[in-house]
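**Student:** Just one file: data.csv, with CSV, N, CA and C atoms.
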chain,number,residue,atom,x,y,z
A,1,MET,N,-35.6,72.8,119.5
A,1,MET,CA,-35.9,74.1,119.1
A,1,MET,C,-34.6,74.9,118.9
A,2,CYS,N,-33.8,75.0,120.0
A,2,CYS,CA,-32.6,75.7,120.0
A,2,CYS,C,-31.5,75.1,119.1
A,3,GLN,N,-31.5,73.7,119.1
A,3,GLN,CA,-30.5,73.0,118.3
A,3,GLN,C,-30.8,73.2,116.8
A,4,GLY,N,-32.1,73.2,116.4
A,4,GLY,CA,-32.4,73.4,115.1
A,4,GLY,C,-32.1,74.8,114.6
A,5,ARG,N,-32.3,75.8,115.4
A,5,ARG,CA,-31.9,77.2,115.0
A,5,ARG,C,-30.4,77.3,114.9
A,6,PHE,N,-29.7,76.7,115.9
A,6,PHE,CA,-28.2,76.8,115.9
A,6,PHE,C,-27.7,76.2,114.6
A,7,CYS,N,-28.2,75.0,114.2
A,7,CYS,CA,-27.7,74.4,113.0
A,7,CYS,C,-28.1,75.2,111.7
A,8,ALA,N,-29.3,75.8,111.8
A,8,ALA,CA,-29.7,76.6,110.6
A,8,ALA,C,-28.8,77.8,110.5
A,9,GLU,N,-28.3,78.4,111.5
A,9,GLU,CA,-27.4,79.5,111.5
A,9,GLU,C,-26.1,79.1,110.7
A,10,PHE,N,-25.6,77.9,110.9
A,10,PHE,CA,-24.4,77.4,110.3
A,10,PHE,C,-24.6,77.2,108.8
A,11,ARG,N,-25.8,76.9,108.4
A,11,ARG,CA,-26.1,76.7,107.0
A,11,ARG,C,-26.1,78.0,106.2
A,12,LEU,N,-26.2,79.1,106.8
A,12,LEU,CA,-26.3,80.4,106.2
A,12,LEU,C,-24.9,80.8,105.6
A,13,PRO,N,-24.9,81.5,104.5
A,13,PRO,CA,-23.6,82.0,104.0
A,13,PRO,C,-23.1,83.1,105.0
A,14,PHE,N,-21.7,83.2,105.0
A,14,PHE,CA,-21.1,84.2,105.9
A,14,PHE,C,-21.6,85.6,105.5
A,15,PHE,N,-22.0,86.3,106.5
A,15,PHE,CA,-22.5,87.7,106.4
A,15,PHE,C,-23.7,87.8,105.5
A,16,GLY,N,-24.5,86.7,105.4
A,16,GLY,CA,-25.7,86.8,104.6
A,16,GLY,C,-26.8,87.5,105.4
A,17,ILE,N,-27.7,88.1,104.6
A,17,ILE,CA,-28.7,89.0,105.3
A,17,ILE,C,-30.1,88.3,105.2
A,18,VAL,N,-30.2,87.1,104.5
A,18,VAL,CA,-31.5,86.4,104.4
A,18,VAL,C,-31.5,85.3,105.4
A,19,LYS,N,-32.5,85.4,106.3
A,19,LYS,CA,-32.6,84.4,107.4
A,19,LYS,C,-33.3,83.1,106.9
A,20,PRO,N,-33.2,82.0,107.7
A,20,PRO,CA,-33.8,80.7,107.2
A,20,PRO,C,-35.3,80.8,107.1
A,21,ASN,N,-35.9,81.7,107.8
A,21,ASN,CA,-37.4,81.8,107.7
A,21,ASN,C,-37.8,82.7,106.5
A,22,GLY,N,-36.8,83.2,105.7
A,22,GLY,CA,-37.1,84.1,104.6
A,22,GLY,C,-37.1,85.6,104.8
A,23,ARG,N,-37.0,85.9,106.1
A,23,ARG,CA,-36.9,87.4,106.4
A,23,ARG,C,-35.5,87.9,106.2
A,24,THR,N,-35.5,89.2,105.9
A,24,THR,CA,-34.2,89.8,105.6
A,24,THR,C,-33.7,90.7,106.8
A,25,LEU,N,-32.4,90.6,107.1
A,25,LEU,CA,-31.8,91.4,108.1
A,25,LEU,C,-31.8,92.8,107.7
A,26,ASP,N,-32.3,93.7,108.5
A,26,ASP,CA,-32.3,95.1,108.3
A,26,ASP,C,-31.0,95.7,108.7
A,27,LEU,N,-30.1,95.9,107.8
A,27,LEU,CA,-28.7,96.4,108.1
A,27,LEU,C,-28.7,97.7,108.8
A,28,ASP,N,-29.6,98.6,108.4
A,28,ASP,CA,-29.7,100.0,109.0
A,28,ASP,C,-30.1,99.9,110.4
A,29,LYS,N,-31.1,99.1,110.8
A,29,LYS,CA,-31.5,99.0,112.2
A,29,LYS,C,-30.4,98.2,113.0
A,30,SER,N,-29.8,97.3,112.4
A,30,SER,CA,-28.8,96.5,113.1
A,30,SER,C,-27.5,97.3,113.5
A,31,PHE,N,-27.1,98.2,112.5
A,31,PHE,CA,-25.9,98.9,112.7
A,31,PHE,C,-26.1,100.4,113.0
A,32,SER,N,-27.3,100.8,113.0
A,32,SER,CA,-27.7,102.2,113.3
A,32,SER,C,-26.8,103.2,112.5
A,33,VAL,N,-26.8,103.0,111.2
A,33,VAL,CA,-26.0,103.9,110.3
A,33,VAL,C,-26.6,105.2,110.1
A,34,LYS,N,-27.8,105.3,109.7
A,34,LYS,CA,-28.5,106.5,109.4
A,34,LYS,C,-29.0,107.2,110.6
A,35,GLN,N,-29.4,106.5,111.7
A,35,GLN,CA,-30.0,107.1,112.8
A,35,GLN,C,-29.0,107.8,113.7
A,36,HIS,N,-27.8,107.4,113.8
A,36,HIS,CA,-26.8,108.0,114.7
A,36,HIS,C,-25.6,108.5,113.9
A,37,SER,N,-25.8,109.2,112.8
A,37,SER,CA,-24.7,109.7,112.1
A,37,SER,C,-24.6,111.2,112.3
A,38,SER,N,-24.2,111.6,113.5
A,38,SER,CA,-24.1,113.0,113.9
A,38,SER,C,-22.7,113.5,113.4
A,39,ILE,N,-22.6,114.8,113.4
A,39,ILE,CA,-21.3,115.4,113.0
A,39,ILE,C,-20.2,115.1,113.9
A,40,TRP,N,-20.5,114.9,115.2
A,40,TRP,CA,-19.5,114.6,116.2
A,40,TRP,C,-19.0,113.2,116.0
A,41,LYS,N,-19.8,112.3,115.6
A,41,LYS,CA,-19.4,110.9,115.3
A,41,LYS,C,-18.5,110.9,114.1
A,42,LYS,N,-18.8,111.7,113.1
A,42,LYS,CA,-18.0,111.8,111.9
A,42,LYS,C,-16.6,112.4,112.2
A,43,ILE,N,-16.6,113.4,113.0
A,43,ILE,CA,-15.3,114.1,113.4
A,43,ILE,C,-14.5,113.1,114.2
A,44,ALA,N,-15.1,112.4,115.2
A,44,ALA,CA,-14.3,111.4,116.0
A,44,ALA,C,-13.7,110.3,115.1
A,45,LYS,N,-14.5,109.8,114.1
A,45,LYS,CA,-14.0,108.8,113.2
A,45,LYS,C,-12.9,109.3,112.4
A,46,ILE,N,-12.9,110.5,111.9
A,46,ILE,CA,-11.9,111.0,111.0
A,46,ILE,C,-10.6,111.3,111.8
A,47,ILE,N,-10.8,111.7,113.1
A,47,ILE,CA,-9.6,111.9,114.0
A,47,ILE,C,-8.9,110.6,114.3
A,48,ILE,N,-9.7,109.5,114.6
A,48,ILE,CA,-9.1,108.2,114.8
A,48,ILE,C,-8.4,107.7,113.6
A,49,LEU,N,-9.0,107.9,112.4
A,49,LEU,CA,-8.4,107.4,111.2
A,49,LEU,C,-7.1,108.1,110.9
A,50,CYS,N,-7.1,109.4,111.2
A,50,CYS,CA,-5.8,110.2,111.0
A,50,CYS,C,-4.7,109.7,111.9
A,51,ILE,N,-5.1,109.4,113.1
A,51,ILE,CA,-4.1,108.9,114.1
A,51,ILE,C,-3.6,107.6,113.7
A,52,LEU,N,-4.4,106.7,113.2
A,52,LEU,CA,-4.0,105.4,112.8
A,52,LEU,C,-3.1,105.5,111.6
A,53,LEU,N,-3.5,106.3,110.6
A,53,LEU,CA,-2.6,106.5,109.4
A,53,LEU,C,-1.3,107.1,109.7
A,54,ALA,N,-1.3,108.1,110.6
A,54,ALA,CA,0.0,108.8,111.0
A,54,ALA,C,0.9,107.8,111.7
A,55,THR,N,0.3,106.9,112.6
A,55,THR,CA,1.1,105.9,113.3
A,55,THR,C,1.7,104.9,112.3
A,56,PHE,N,0.9,104.5,111.3
A,56,PHE,CA,1.4,103.5,110.4
A,56,PHE,C,2.5,104.0,109.5
A,57,VAL,N,2.2,105.2,108.9
A,57,VAL,CA,3.2,105.8,108.0
A,57,VAL,C,4.5,106.2,108.8
A,58,GLY,N,4.3,106.8,110.0
A,58,GLY,CA,5.4,107.2,110.7
A,58,GLY,C,6.3,106.1,111.1
A,59,GLN,N,5.8,105.0,111.5
A,59,GLN,CA,6.6,103.8,111.9
A,59,GLN,C,7.3,103.2,110.7
A,60,TRP,N,6.6,103.2,109.6
A,60,TRP,CA,7.2,102.7,108.4
A,60,TRP,C,8.4,103.5,107.9
A,61,VAL,N,8.2,104.8,107.9
A,61,VAL,CA,9.3,105.7,107.5
A,61,VAL,C,10.5,105.7,108.4
A,62,GLU,N,10.2,105.6,109.7
A,62,GLU,CA,11.3,105.6,110.7
A,62,GLU,C,11.9,104.2,110.9
A,63,ASN,N,11.4,103.2,110.3
A,63,ASN,CA,11.9,101.9,110.5
A,63,ASN,C,13.3,101.7,109.8
A,64,GLU,N,14.2,101.0,110.5
A,64,GLU,CA,15.5,100.8,109.9
A,64,GLU,C,15.5,100.0,108.6
A,65,TYR,N,14.6,99.0,108.5
A,65,TYR,CA,14.4,98.2,107.3
A,65,TYR,C,13.0,98.3,106.8
A,66,PRO,N,12.8,99.3,106.0
A,66,PRO,CA,11.4,99.6,105.5
A,66,PRO,C,10.8,98.5,104.6
A,67,LEU,N,11.7,97.7,103.9
A,67,LEU,CA,11.2,96.6,103.1
A,67,LEU,C,10.7,95.4,104.0
A,68,PHE,N,11.2,95.4,105.2
A,68,PHE,CA,10.9,94.3,106.1
A,68,PHE,C,9.7,94.7,107.1
A,69,TYR,N,9.2,95.9,106.9
A,69,TYR,CA,8.3,96.4,107.9
A,69,TYR,C,7.0,95.6,108.0
A,70,MET,N,6.5,95.1,106.9
A,70,MET,CA,5.2,94.3,107.0
A,70,MET,C,5.4,92.8,107.3
A,71,ALA,N,6.6,92.4,107.8
A,71,ALA,CA,6.9,91.0,108.1
A,71,ALA,C,6.3,90.6,109.4
A,72,TYR,N,5.8,91.6,110.2
A,72,TYR,CA,5.2,91.3,111.5
A,72,TYR,C,3.7,91.3,111.5
A,73,LEU,N,3.1,90.4,112.3
A,73,LEU,CA,1.7,90.4,112.4
A,73,LEU,C,1.0,91.6,113.0
A,74,THR,N,1.8,92.3,113.8
A,74,THR,CA,1.2,93.5,114.4
A,74,THR,C,1.0,94.6,113.4
A,75,ARG,N,1.8,94.7,112.4
A,75,ARG,CA,1.7,95.7,111.3
A,75,ARG,C,0.5,95.4,110.5
A,76,TRP,N,0.3,94.1,110.2
A,76,TRP,CA,-0.9,93.7,109.4
A,76,TRP,C,-2.2,94.0,110.2
A,77,THR,N,-2.1,93.8,111.5
A,77,THR,CA,-3.3,94.1,112.3
A,77,THR,C,-3.6,95.6,112.2
A,78,LEU,N,-2.6,96.4,112.3
A,78,LEU,CA,-2.8,97.8,112.2
A,78,LEU,C,-3.3,98.2,110.8
A,79,LEU,N,-2.9,97.6,109.8
A,79,LEU,CA,-3.4,97.8,108.4
A,79,LEU,C,-4.8,97.4,108.3
A,80,TYR,N,-5.2,96.3,108.9
A,80,TYR,CA,-6.6,95.9,108.9
A,80,TYR,C,-7.5,96.9,109.6
A,81,GLN,N,-7.0,97.4,110.8
A,81,GLN,CA,-7.7,98.4,111.5
A,81,GLN,C,-7.9,99.7,110.8
A,82,ILE,N,-6.9,100.1,110.0
A,82,ILE,CA,-6.9,101.3,109.2
A,82,ILE,C,-8.0,101.2,108.1
A,83,ILE,N,-8.0,100.0,107.4
A,83,ILE,CA,-9.0,99.8,106.4
A,83,ILE,C,-10.4,99.8,107.0
A,84,TYR,N,-10.5,99.1,108.1
A,84,TYR,CA,-11.8,99.1,108.8
A,84,TYR,C,-12.3,100.5,109.2
A,85,ALA,N,-11.4,101.3,109.7
A,85,ALA,CA,-11.7,102.7,110.1
A,85,ALA,C,-12.1,103.5,108.9
A,86,MET,N,-11.4,103.3,107.7
A,86,MET,CA,-11.8,104.0,106.5
A,86,MET,C,-13.2,103.7,106.1
A,87,PHE,N,-13.5,102.4,106.0
A,87,PHE,CA,-14.9,101.9,105.7
A,87,PHE,C,-15.9,102.4,106.7
A,88,SER,N,-15.6,102.4,107.9
A,88,SER,CA,-16.5,102.9,108.9
A,88,SER,C,-16.8,104.3,108.8
A,89,PHE,N,-15.8,105.1,108.5
A,89,PHE,CA,-16.0,106.6,108.2
A,89,PHE,C,-16.9,106.8,107.0
A,90,PHE,N,-16.5,106.1,105.9
A,90,PHE,CA,-17.3,106.3,104.6
A,90,PHE,C,-18.7,105.8,104.7
A,91,THR,N,-18.9,104.8,105.6
A,91,THR,CA,-20.3,104.2,105.8
A,91,THR,C,-21.2,105.2,106.5
A,92,THR,N,-20.6,106.1,107.4
A,92,THR,CA,-21.4,107.1,108.0
A,92,THR,C,-21.8,108.2,107.0
A,93,ILE,N,-21.0,108.4,106.0
A,93,ILE,CA,-21.3,109.4,105.0
A,93,ILE,C,-22.2,108.9,103.9
A,94,TYR,N,-21.9,107.7,103.3
A,94,TYR,CA,-22.6,107.1,102.3
A,94,TYR,C,-23.1,105.7,102.7
A,95,PRO,N,-24.2,105.5,103.4
A,95,PRO,CA,-24.6,104.2,103.9
A,95,PRO,C,-25.3,103.3,102.9
A,96,MET,N,-24.4,102.7,102.1
A,96,MET,CA,-24.9,101.7,101.1
A,96,MET,C,-24.8,100.3,101.6
A,97,GLN,N,-25.7,99.4,101.1
A,97,GLN,CA,-25.7,98.1,101.7
A,97,GLN,C,-24.4,97.3,101.6
A,98,TRP,N,-23.7,97.4,100.4
A,98,TRP,CA,-22.5,96.7,100.2
A,98,TRP,C,-21.4,97.3,101.1
A,99,MET,N,-21.4,98.6,101.4
A,99,MET,CA,-20.4,99.2,102.2
A,99,MET,C,-20.7,98.8,103.7
A,100,ILE,N,-21.9,98.7,104.1
A,100,ILE,CA,-22.2,98.3,105.5
A,100,ILE,C,-21.7,96.8,105.7
A,101,LYS,N,-22.0,96.0,104.7
A,101,LYS,CA,-21.5,94.6,104.8
A,101,LYS,C,-20.0,94.5,104.8
A,102,ALA,N,-19.4,95.3,104.0
A,102,ALA,CA,-17.9,95.3,103.9
A,102,ALA,C,-17.3,95.8,105.3
A,103,THR,N,-17.9,96.8,105.9
A,103,THR,CA,-17.5,97.2,107.2
A,103,THR,C,-17.7,96.1,108.3
A,104,TRP,N,-18.8,95.4,108.1
A,104,TRP,CA,-19.1,94.3,109.0
A,104,TRP,C,-18.0,93.2,108.9
A,105,VAL,N,-17.6,92.9,107.7
A,105,VAL,CA,-16.6,91.9,107.5
A,105,VAL,C,-15.2,92.4,108.0
A,106,LEU,N,-14.9,93.6,107.7
A,106,LEU,CA,-13.6,94.2,108.2
A,106,LEU,C,-13.5,94.3,109.7
A,107,PHE,N,-14.7,94.7,110.3
A,107,PHE,CA,-14.7,94.7,111.8
A,107,PHE,C,-14.3,93.3,112.4
A,108,SER,N,-15.0,92.3,111.8
A,108,SER,CA,-14.7,90.9,112.3
A,108,SER,C,-13.3,90.6,112.1
A,109,LEU,N,-12.7,90.9,111.0
A,109,LEU,CA,-11.3,90.6,110.8
A,109,LEU,C,-10.3,91.4,111.7
A,110,ALA,N,-10.6,92.7,111.8
A,110,ALA,CA,-9.7,93.6,112.7
A,110,ALA,C,-9.8,93.2,114.1
A,111,ALA,N,-11.0,93.0,114.6
A,111,ALA,CA,-11.2,92.6,116.0
A,111,ALA,C,-10.6,91.3,116.4
A,112,VAL,N,-10.7,90.3,115.6
A,112,VAL,CA,-10.1,89.0,115.9
A,112,VAL,C,-8.6,89.1,115.8
A,113,HIS,N,-8.0,89.9,114.9
A,113,HIS,CA,-6.6,90.0,114.8
A,113,HIS,C,-6.1,90.8,116.0
A,114,GLY,N,-6.8,91.8,116.4
A,114,GLY,CA,-6.4,92.6,117.6
A,114,GLY,C,-6.3,91.7,118.9
A,115,VAL,N,-7.3,90.9,119.1
A,115,VAL,CA,-7.3,90.0,120.2
A,115,VAL,C,-6.2,88.9,120.1
A,116,ILE,N,-6.0,88.4,119.0
A,116,ILE,CA,-4.9,87.4,118.8
A,116,ILE,C,-3.5,88.0,119.1
A,117,ILE,N,-3.3,89.3,118.6
A,117,ILE,CA,-2.0,89.9,118.9
A,117,ILE,C,-1.8,90.1,120.4
A,118,VAL,N,-2.8,90.6,121.1
A,118,VAL,CA,-2.7,90.8,122.5
A,118,VAL,C,-2.4,89.5,123.3
A,119,LEU,N,-3.2,88.5,122.9
A,119,LEU,CA,-3.0,87.2,123.6
A,119,LEU,C,-1.6,86.6,123.3
A,120,LEU,N,-1.2,86.7,122.0
A,120,LEU,CA,0.1,86.2,121.7
A,120,LEU,C,1.2,86.9,122.4
A,121,PHE,N,1.1,88.2,122.5
A,121,PHE,CA,2.2,89.0,123.2
A,121,PHE,C,2.2,88.6,124.7
A,122,TRP,N,1.1,88.6,125.4
A,122,TRP,CA,1.1,88.4,126.8
A,122,TRP,C,1.3,87.0,127.2
A,123,LEU,N,1.0,86.0,126.3
A,123,LEU,CA,1.2,84.6,126.6
A,123,LEU,C,2.6,84.1,126.2
A,124,THR,N,3.2,84.7,125.1
A,124,THR,CA,4.4,84.1,124.6
A,124,THR,C,5.6,85.1,124.8
A,125,GLU,N,5.5,86.3,124.7
A,125,GLU,CA,6.6,87.3,124.7
A,125,GLU,C,6.9,87.8,126.1
A,126,TYR,N,5.9,88.2,126.8
A,126,TYR,CA,6.0,89.0,128.0
A,126,TYR,C,6.6,88.1,129.2
A,127,GLY,N,7.5,88.6,129.9
A,127,GLY,CA,8.0,88.0,131.1
A,127,GLY,C,8.3,89.1,132.1
A,128,PRO,N,8.6,88.7,133.4
A,128,PRO,CA,8.9,89.7,134.4
A,128,PRO,C,10.0,90.6,134.1
A,129,ASP,N,11.0,90.2,133.3
A,129,ASP,CA,12.1,91.0,133.0
A,129,ASP,C,12.0,91.7,131.7
A,130,PHE,N,10.9,91.6,131.0
A,130,PHE,CA,10.6,92.2,129.7
A,130,PHE,C,10.5,93.7,129.9
A,131,PRO,N,11.4,94.5,129.1
A,131,PRO,CA,11.3,96.0,129.3
A,131,PRO,C,10.1,96.5,128.5
A,132,LEU,N,9.2,97.2,129.1
A,132,LEU,CA,8.1,97.8,128.5
A,132,LEU,C,8.4,99.3,128.3
A,133,THR,N,8.5,99.8,127.1
A,133,THR,CA,8.8,101.2,126.8
A,133,THR,C,7.6,101.9,126.5
A,134,VAL,N,7.4,103.1,127.1
A,134,VAL,CA,6.2,103.9,126.8
A,134,VAL,C,6.6,105.0,126.0
A,135,TYR,N,5.9,105.3,124.9
A,135,TYR,CA,6.2,106.3,124.0
A,135,TYR,C,5.5,107.6,124.3
Could you write out this file's structure as structure tokens?
**Tutor:**
Amino acid sequence: MCQGRFCAEFRLPFFGIVKPNGRTLDLDKSFSVKQHSSIWKKIAKIIILCILLATFVGQWVENEYPLFYMAYLTRWTLLYQIIYAMFSFFTTIYPMQWMIKATWVLFSLAAVHGVIIVLLFWLTEYGPDFPLTVY
């Protein structure tokens, strides 16, 4: 029983909403887009988005080599998180099915990249004599 369901899940297309039994995944109930779109949630999302954008642009402008800025994986991760935050904000305003699925995909991308960056830093770069600067 469990093995059959597990194998059936792998046969589905990525981020598909039609289940093997023919039922369709209800995106609104799964992600609570329309039910929990209060003004405070929208304000919090726009503040987080502004902080992310200010960080990205500020670091790029202050960088000694701006053409080399995107050569690091950490900057790409920040860019993915900014794009996800934009889609997440616009999904709370205009909850369309394609936008919900795009936000779903972008969350998966940004979350995995964030975890990879943290693990790579703590496992490969950090040492007892590594200077940690706090801004």
**Student:** As an exercise, work out the distance from atom N of A:Ile82 to atom CA of A:Val134 in Å and give it to one decimal place.
**Tutor:** 21.6 Å
**Student:** Give me every helix (DSSP H, G or I) residue in stretch 16-94 of chain A, going by DSSP on the backbone, as number ranges by chain.
**Tutor:** A: 27-31, 39-62, 66-71, 73-93
**Student:** Between stretch 66-110 of chain A and stretch 44-49 of chain A, at 10 Å or less, what are the per-residue closest atom pairs and their distances in Å? Count only C-alpha atoms, order by chain and rising residue number, and return it as JSON lines.
**Tutor:**
{"residue": "A:Gln81", "atom": "CA", "partner": "A:Leu49", "partner_atom": "CA", "distance": 9.0}
{"residue": "A:Ile82", "atom": "CA", "partner": "A:Leu49", "partner_atom": "CA", "distance": 6.6}
{"residue": "A:Ile83", "atom": "CA", "partner": "A:Leu49", "partner_atom": "CA", "distance": 9.0}
{"residue": "A:Tyr84", "atom": "CA", "partner": "A:Leu49", "partner_atom": "CA", "distance": 9.3}
{"residue": "A:Ala85", "atom": "CA", "partner": "A:Leu49", "partner_atom": "CA", "distance": 5.8}
{"residue": "A:Met86", "atom": "CA", "partner": "A:Leu49", "partner_atom": "CA", "distance": 6.7}
{"residue": "A:Ser88", "atom": "CA", "partner": "A:Lys45", "partner_atom": "CA", "distance": 7.7}
{"residue": "A:Phe89", "atom": "CA", "partner": "A:Lys45", "partner_atom": "CA", "distance": 5.8}
{"residue": "A:Phe90", "atom": "CA", "partner": "A:Lys45", "partner_atom": "CA", "distance": 9.5}
{"residue": "A:Thr92", "atom": "CA", "partner": "A:Lys45", "partner_atom": "CA", "distance": 9.2}
**Student:** Just to confirm, what's the straight-line distance from atom CA of A:Asp26 to atom CA of A:Ala110 in Å (one decimal)?
**Tutor:** 23.1 Å
**Student:** What is the atom CA of A:Val112 to atom CA of A:Thr77 distance in Å?
**Tutor:** 9.2 Å
**Student:** Which residue, A:Gly16, A:Gly22, A:Gly114, A:Pro128, has the smallest gap to A:Leu78 when you use only C-alpha atoms?
**Tutor:**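 Of A:Gly16, A:Gly22, A:Gly114, A:Pro128, the one nearest A:Leu78 is A:Gly114, counting only C-alpha atoms.
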**Student:** List the spatial neighbours of A:His113 as a list in words - criterion: any atom at most 10 Å away, only C-alpha atoms, same-chain residues fewer than 4 positions off excluded.
**Tutor:**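 Everything that qualifies: Leu73, Thr74, Trp76, Thr77, Leu78, Tyr80, Gln81, Phe107, Ser108, Leu109, Ile117, Val118 and Leu119 of chain A.
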**Student:** Which of these residues is nearest to A:Tyr94, using only C-alpha atoms: A:Tyr69, A:Lys42, A:Tyr126, A:Glu62?
**Tutor:** A:Lys42
**Student:** Find, counting only C-alpha atoms, the residue in A:Phe56, A:Ile116, A:Trp122, A:Thr91 that gets nearest to A:Thr103.
**Tutor:**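 Closest residue, counting only C-alpha atoms: A:Thr91.
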